[in-house]
Every structure is written in structure tokens, then in C-alpha cells.
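Presented below is the structure to which this report refers.
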Amino acid sequence: MVGGRGSAFADYNNDGYVDLIIYAGNPYVSWLLFTNNKNGTFTKETTQNFRATTALNGASFGDYNNDGFLDIVSASFGQDYNGLYRNKGNANNWLQLKLVGNLSNKSAVGAKVDVYSPGLRTHQQILTNNGAHNQNSLVAQFGLGSNTAIDSVVINWPSGLRQKLTG
């Protein structure tokens, strides 16, 4: 295993379970993607090794083209090479939420969100940091697998307010 410079958890394939990306910090194997096996273990995704031509500083997730699938962005030392790796997606469904705080901070940083869908509960916290020179998107993205309905969304705001949305 190559020593890592950073990591991030995100549901890269929208199956409702967070996957793991490790930034290896060398130009020969830049990132390693581990797919969640839905049982507490992960499998290295051999078809999704992302390579770069220079050492990168980290990796972040965000859906830059709003197609519902998280893409990966990287920053390099000295900005001579920044990477954008588009996720081509699959048939799984998803939900995106852009939270705006009122009593809490406007960007909703620190908010904890739970999405309940038939047979599935996904969780995410809105955070700004993700290693050196990187930041994940402030838009919360939840994979729903094959589910087409959401039972409820529960938001625990940093102010202590709890909000439940149904229907």
C-alpha cells in the first residue's frame, strides 16, 4: 500500500453506501477508490485507479456538471496540474440538498443530515475541509440505489434546531 496524503468518504456510485477514496500522493498511483461492500468491508476498485502526471495535494468530491454523480477534483503543488475526473454514472438514483442556514451559519457547515428511504438510511455532515488545498462541495449528495421514494429527511442544524421533512 502506498502511503496516503488524504482520504474522503462519499457515495461515488449512488448505491446508498459511502465509498472511500485515498489520495496516495505519488504520480504513479494518484488515487485509489474502494467500493463499499455493504457489510463493513471495502473492495479496491481496479478499473477506477486515477493517475496523474505530477504529485497532487489531495482529492475532493463534488457534482460539477449536476448530473447526480459525484466527480473528483484534485489540486497540485504550485497549481501546475489540477485534475477533474468525471463520474460517468450508472442507473442508481440520488438526492441533492443545498442547505441554507437561518439561525445557523448560512452555508450550513456542521449540519448533520439523515435521509430515510425504503430499506436505506444515509447520513452526511456538511463540512468544508478535506485535506490540503481541497474542499468537498457544500451540496449534500445522497445515493438511493434503486429507490425512487424518500420517506423523510432529518436535518440537525448547528444551532441545535432539528428539522424533519416528509413526503
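Going through the C-alpha cells in order, the chains are called A, B, and so on, while each chain numbers its residues from 1 and the ligands are numbered from 1 in the order shown.
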
Pick out the residues sitting within 6 Å of stretch 31-46 of chain A, and hand them over as a PyMOL selection string; count only C-alpha atoms, and ignore anything fewer than 5 positions along from it in its own chain.
chain A and resi 19-24

Just the residues within 10 Å of A:Asn13, please, counting only C-alpha atoms, with nothing from its chain fewer than 6 positions along; format it as a list in words.
Asp19, Thr35, Asn36, Gly68, Phe69, Leu70, Asn87, Lys88, Gly89, Asn90, Ala91, Asn92, Asn93, Trp94, Gly143, Leu144 and Gly145 of chain A

For A:Ala59, work out the shell of residues within 7 Å, counting only C-alpha atoms and skipping chain neighbours fewer than 4 positions away, then give it as a CSV table (one decimal) with all heavy atoms, in the first residue's frame.
chain,number,residue,atom,x,y,z
A,23,TYR,N,-6.0,9.3,-1.4
A,23,TYR,CA,-5.1,10.0,-2.2
A,23,TYR,C,-3.7,9.5,-1.8
A,23,TYR,O,-3.2,9.7,-0.7
A,23,TYR,CB,-5.2,11.5,-2.1
A,23,TYR,CG,-4.0,12.2,-2.7
A,23,TYR,CD1,-3.8,12.0,-4.1
A,23,TYR,CD2,-3.0,12.8,-2.0
A,23,TYR,CE1,-2.7,12.6,-4.7
A,23,TYR,CE2,-1.9,13.4,-2.6
A,23,TYR,CZ,-1.8,13.2,-4.0
A,23,TYR,OH,-0.7,13.7,-4.6
A,72,ILE,N,-14.6,13.9,-9.1
A,72,ILE,CA,-13.4,14.0,-8.3
A,72,ILE,C,-12.5,15.2,-8.8
A,72,ILE,O,-12.2,15.2,-10.0
A,72,ILE,CB,-12.6,12.7,-8.1
A,72,ILE,CG1,-13.5,11.6,-7.6
A,72,ILE,CG2,-11.4,12.9,-7.2
A,72,ILE,CD1,-12.8,10.2,-7.7
A,73,VAL,N,-12.2,16.0,-7.9
A,73,VAL,CA,-11.3,17.2,-8.2
A,73,VAL,C,-10.0,17.1,-7.4
A,73,VAL,O,-10.1,16.7,-6.2
A,73,VAL,CB,-12.0,18.5,-7.9
A,73,VAL,CG1,-11.1,19.7,-8.2
A,73,VAL,CG2,-13.3,18.6,-8.7
A,74,SER,N,-8.9,17.4,-8.0
A,74,SER,CA,-7.6,17.4,-7.3
A,74,SER,C,-6.9,18.7,-7.5
A,74,SER,O,-7.1,19.3,-8.5
A,74,SER,CB,-6.8,16.2,-7.7
A,74,SER,OG,-6.4,16.4,-9.1
A,134,ASN,N,-8.0,21.5,-0.7
A,134,ASN,CA,-9.2,20.9,-1.2
A,134,ASN,C,-10.4,21.1,-0.3
A,134,ASN,O,-10.3,21.3,0.9
A,134,ASN,CB,-9.0,19.4,-1.3
A,134,ASN,CG,-8.2,19.0,-2.5
A,134,ASN,OD1,-8.7,18.9,-3.6
A,134,ASN,ND2,-6.9,18.8,-2.3

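Between atom CA of A:Pro158 and atom CA of A:Tyr116 there is a distance of 20.4 Å.
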
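Comparing A:Leu161, A:Ala8, A:Leu95, A:Val113 by their smallest distance to A:Thr148, the closest is A:Leu95 (using only C-alpha atoms).
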
Find the distance between atom CA of A:Gly110 and atom CA of A:Ile126 and write it in Å to one decimal.
5.3 Å

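Note that the spacing between atom CA of A:Ser104 and atom CA of A:Trp157 amounts to 6.6 Å.
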
Could you give me, as a PyMOL selection string, the residues within 6 Å of A:Asp114, counting only C-alpha atoms and dropping anything in the same chain fewer than 3 positions from it?
chain A and resi 122-123+153-154
